[in-house]
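What follows is one structure encoded as C-alpha cells, with my remarks underneath.
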Amino acid sequence: MQAEQGCTVYDAAKQISEGLSRAAVAGAVNGTVVDLTFPLDQDCSLEILTFEDDRGKKAFWHTTSHILAQAVKHLYPEAKLAIGPAIDNGFYYDFDMEHSLTAEDLREIEGEMKKIVKTGERLERFTLPREEALELMKQEPYKRELIEELPEGEEISFYKQGDFTDLCAGPHLFDVKPVKAIALLSATGAYWRGNEKNKMLQRVYGVSFPKKSMLDEHLEKLEDAKKRDHNKLGRELELFTTSDLIGQGLPILLPKGARIIQLLQRFVEDEEQKRGWQMTKTPLMAKSDLYKLSGHWDHYQEGMFVMGDEEKDKEVFALRPMTCPFQYQAYLNRARSYRDLPLRYSETSTLFRNEASGEMHGLIRVRQFTISEGHLMCRPDQLEDEFKSCLELTMFMLKTLGLYEDVSYRFSQWDPNDREKYIGTPEQWDEAQSTMKRILDHLEIPYRIGIGEAAFYGPKLDIQIKNVHGKEDTLITIQIDQMLAEKFGMEYVDSDGSKKNPYIIHRTSIGCYERTLALLIEKYAGAFPAWLAPVQVKVLPISQNYVDYTTQLVAKLEAAGIRVEHDTRNEKIGYKIREAQMEKVPYMLIAGEKEQEAGSVSVRSRRDGDLGGMPIDDFIGKLLIEVQTRAR
RNA sequence: GCUGUCUUAGCUCAGUUGGUAGAGCACUUCCUUGGUAAGGAAGAGGUCGGCAGUUCAAAUCUGCUAGACAGCUCCA
C-alpha cells in the first residue's frame, strides 16, 4: 500500500473500515507481524490481522500472558518473571516463586486479570541500550539472563502497560481492553529454559478470547476431548486395564482390546508379506555384548531393562529396546550377494523400554509394547525406491485406518552440538541426512525439521500425530542408517566382486499396536469401523420367548466369522438397546414375533440408523462386504 | 526423574473441627413377558491404595511408599 506521513497499521485498518479497525489485533507488514501502532513509512504489503488469524491469536494471547504476569506481580510481588509466550492453543507464563499456586489461587489471579482489563491500559513499546535495560530489570534475574544473551546490536524492546513492564519482542494488542474472556487452566512445573538441570519454575497455562461465548465453546471442546480420551474410554469399553501390582506402563489388554490388536496385526502381517517382506522371530533378550556392539550399551542403556550386574555376574542380559541388532544377525546368517538385495525383514516385535516414571500415559507411552517393525537392507541405487515403498506402505495403512489426514511429517536430524548422543562422524551424518533430504524433497513430503530428534545412528522421517489433548507423538518412523551395517560387519558382494556395506532402512508400517489403538479409540470415540470392532453385531431378542430364534441367528453369524454378542438377559428391549449403544456396537439385530415368522431380523446400524427388516443372509452378505472393504 | 493435584463399593462420587463408612448406577435373586435410552422389590458388596507414626480413638493429622492425572524433561 501507499505510505502516508504518520500513518500506522491501525490508521490503515480504519481507512478500510471502522469494523475492521475494531477487530484488528495486529498487522503483518511484508510478512512480519507488527503492532497496530507500527508506523507505515515505506511502501509495503500490509495485512490487518484479527483474532480469526492464527498470527492475530498469538498476539492476543501473548498480550494476555503479560496481563497474567501483571496480575501475579500484583498478588505475589516477590515472584520473578521468566518467559510468557503464546502457544498453539493459548498462552503460558513461567514464574519463580516460593508459594505453589493452587486452583483457588488461579481463580484469584483470573479476577485480578479482569480488573487489569477493565483499566483499559495501553501497551507502550520502548527500547533501551543494554546497560539501561539491565538496570531496569535489576530485580528480574531471568530477564537479565535473557538480555545478556541478546546478540550485540540487537534491539532490546520493552512493553509497558500501567504499572507493569516486560522485556518483550512483541507484537502486542493496542491496549488490554479486547481481552474479554480469560480462563487459567492449570499450574504446573517447568524447567527454566527447558533444561532439567535448571531450576523448576511454576508455569501457568491459560487461554483467552474477545468474547465470552468463544471461551465457553472452547471449554466445551476441552470437555468433549476428555470424553474421547483413550485412557478413559479404553478402560470404560474394557479394551484395557492396568494393575498396581504389575506396574506402571504395563497395560493389560482385555479380550476386546486384544481382539482389535489381533485384527490389526493380521492385516499388517498379510499386507507386508504381499509387499515382499519376510517375517522373522528373534529373541526378546540378548547378552550385553550385542548391545555393546550396536552402541545401545553406550547410548541407550538408561532406556533398557538390564538383568544382572556386570561386576558380579558372568553373563548380563538385557531385554531388547529395539529389534535392529537381532535382525542383523539374520542377515549375517550367510554371505550376501548384490542379487539378494533388497532384503526385507519384518517382525511383530515386542520391545521393552525403561521409560522415566513420569512418562507413562495410558496406551500411548508404555514400558512394553509390540511394534510392526522391519529392517530393509539394500544397495545405494535401491535406497530411494525402497524408502518410497516403505512410505507407501505406511500411507496405505494410515488411509485404511482413517488417520491419514491427521498426521504431519518431521525430518528428524542430529544435533551437531551434542556429539555425546550420536555415533558416527559429521561427514557420515551429512551424507545420511542429505540422502534423506533428497529423497523427501523428491517425494514432495511436506516436512518440518527437528534438530536433535534423530536416532543415535541416523536421521528419521517421523510421522507425527496429535492426541485428543493436542499432544504430539510419533506414530510411525522410517530411518536411514549407514552406520550400523559397518559396525556389525554386514556386507554384500557387489557385481564387481568387491565387498560393500548395505544401506539399512529401519521402519514401522503401522507403528506400535498399543499406541495405534489409543489413537484409533480417540479418532472413533470408541465406535470402531465394523472391520475392527471387537463386537460387530449384538443380537437382542424382544423377549425370552424369542431366545431360541436369536440363538439360531447367532449360530449363523458365527459360522460366517462374524463377531457377535447375544444379549439374552431378561430385560426391556429399550434397555438392551441402550447398552448396545453405549458399547458402540456397529450393528444391532432385533428379533421378535414378526421377525421369527418372516425368518428375518430388524437391523439397526450405528452409522445409518434403522435399516428395517431383512433376511439374515442378506445382512451377513452386507456386513462381510463392509468388513472386506474395511469401510469406515 | 522433576513440580503440582489426587487415590473411599465394579463405576461416578458424598463423608462437616479426628469418635472405626454412605448415595446413584452396575451386580445377585424374585416379580414384571416386553418393540427402540432406565418397570418394581429385596439382597450382597469396602481393614477408606499400602506400610509406619501421633492419639484413648485415624478415611480424616504426620512420614515413607505404590499407583493415577496435568505439565516439564525424555521418547515409538
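Ordering of the C-alpha cells sets the chain letters (A, B, ...); residue numbers start at 1 within each chain; ligands are numbered from 1 in the order shown.
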Alpha helix (DSSP H) call set, DSSP backbone run, segment 570-617 of chain A, as a list of chain:residue names: A:Ile573, A:Gly574, A:Tyr575, A:Lys576, A:Ile577, A:Arg578, A:Glu579, A:Ala580, A:Gln581, A:Met582, A:Glu593, A:Lys594, A:Glu595, A:Gln596, A:Glu597, A:Ala598, A:Ile616, A:Asp617
Residue list for chain B near chain A as a VMD selection string, 6 Å, only C-alpha atoms (C1' of nucleotides): chain B and resid 3 to 4 34 36 to 37 67 71 to 73
Non-local contacts of segment 179-184 of chain A (7 Å; only C-alpha atoms (C1' of nucleotides); under 3 positions in same chain excluded) as a list of chain:residue names: A:Leu106, A:Glu110, A:Val117, A:Val176, A:Tyr205, A:Gly206, A:Val207, A:Ser208, A:Phe209, A:Pro210, A:Lys211, A:Lys212, A:Leu215
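Separating atom CA of Pro255 of chain A from atom CA of Leu239 of chain A is a distance of 6.9 Å.
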Segment 63-269 of chain A: residues DSSP assigns to strand (DSSP E or B), reported as a VMD selection string: chain A and resid 80 to 81 86 to 87 90 to 96 122 124 to 128 156 to 161 164 to 167 175 181 to 191 200 to 209 240 to 241 252 to 253
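The two atoms in question, atom CA of Asp481 of chain A and atom CA of Arg507 of chain A, are spaced 10.6 Å apart.
The shell of residues at most 9 Å from segment 74-77 of chain A, with only C-alpha atoms (C1' of nucleotides) counted and near chain neighbours (fewer than 2 positions) removed, consists of A:Ala69, A:Gln70, A:Ala71, A:Val72, A:Ala79, A:Lys80, A:Met97, A:His99, A:Glu108, A:Ile109, A:Glu112.
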For atom CA of Tyr422 of chain A and atom CA of Lys437 of chain A, the interatomic separation in Å (one decimal): 19.1 Å
Segment 43-51 of chain B environment, 6 Å, only C-alpha atoms (C1' of nucleotides), sequence neighbours closer than 3 positions dropped, as a PyMOL selection string: chain B and resi 8-9+59
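Shortest atom-to-atom contact with Ala432 of chain A among A:Val25, A:Met483, A:Ile252, A:Ile260: A:Met483, counting only C-alpha atoms.
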Spatial neighbours of Glu472 of chain A, 12 Å, only C-alpha atoms (C1' of nucleotides), chain gap at least 6 places, as a ChimeraX atom specification: /A:364-365,406-410,462-466,515,519 /B:75
For the residues in that selection, give me C-alpha atoms (C1' of nucleotides) as a compact mmCIF listing (two decimals), in the first residue's frame.
```
# COMPACT_ATOMS: atom_id res chain seq x y z
CA ILE A 364 0.47 -44.11 24.33
CA ARG A 365 3.65 -44.33 26.41
CA ASP A 406 -4.35 -36.31 10.89
CA VAL A 407 -0.59 -36.74 10.57
CA SER A 408 2.32 -34.38 9.96
CA TYR A 409 5.89 -35.12 8.94
CA ARG A 410 9.07 -34.39 10.84
CA ASP A 462 8.81 -39.29 11.82
CA ILE A 463 5.11 -39.34 11.08
CA GLN A 464 3.57 -37.41 13.92
CA ILE A 465 0.04 -37.40 15.24
CA LYS A 466 -1.71 -35.37 17.90
CA ARG A 515 -0.25 -46.52 20.58
CA LEU A 519 -5.24 -43.08 18.62
C1' C B 75 10.51 -40.70 23.55
```
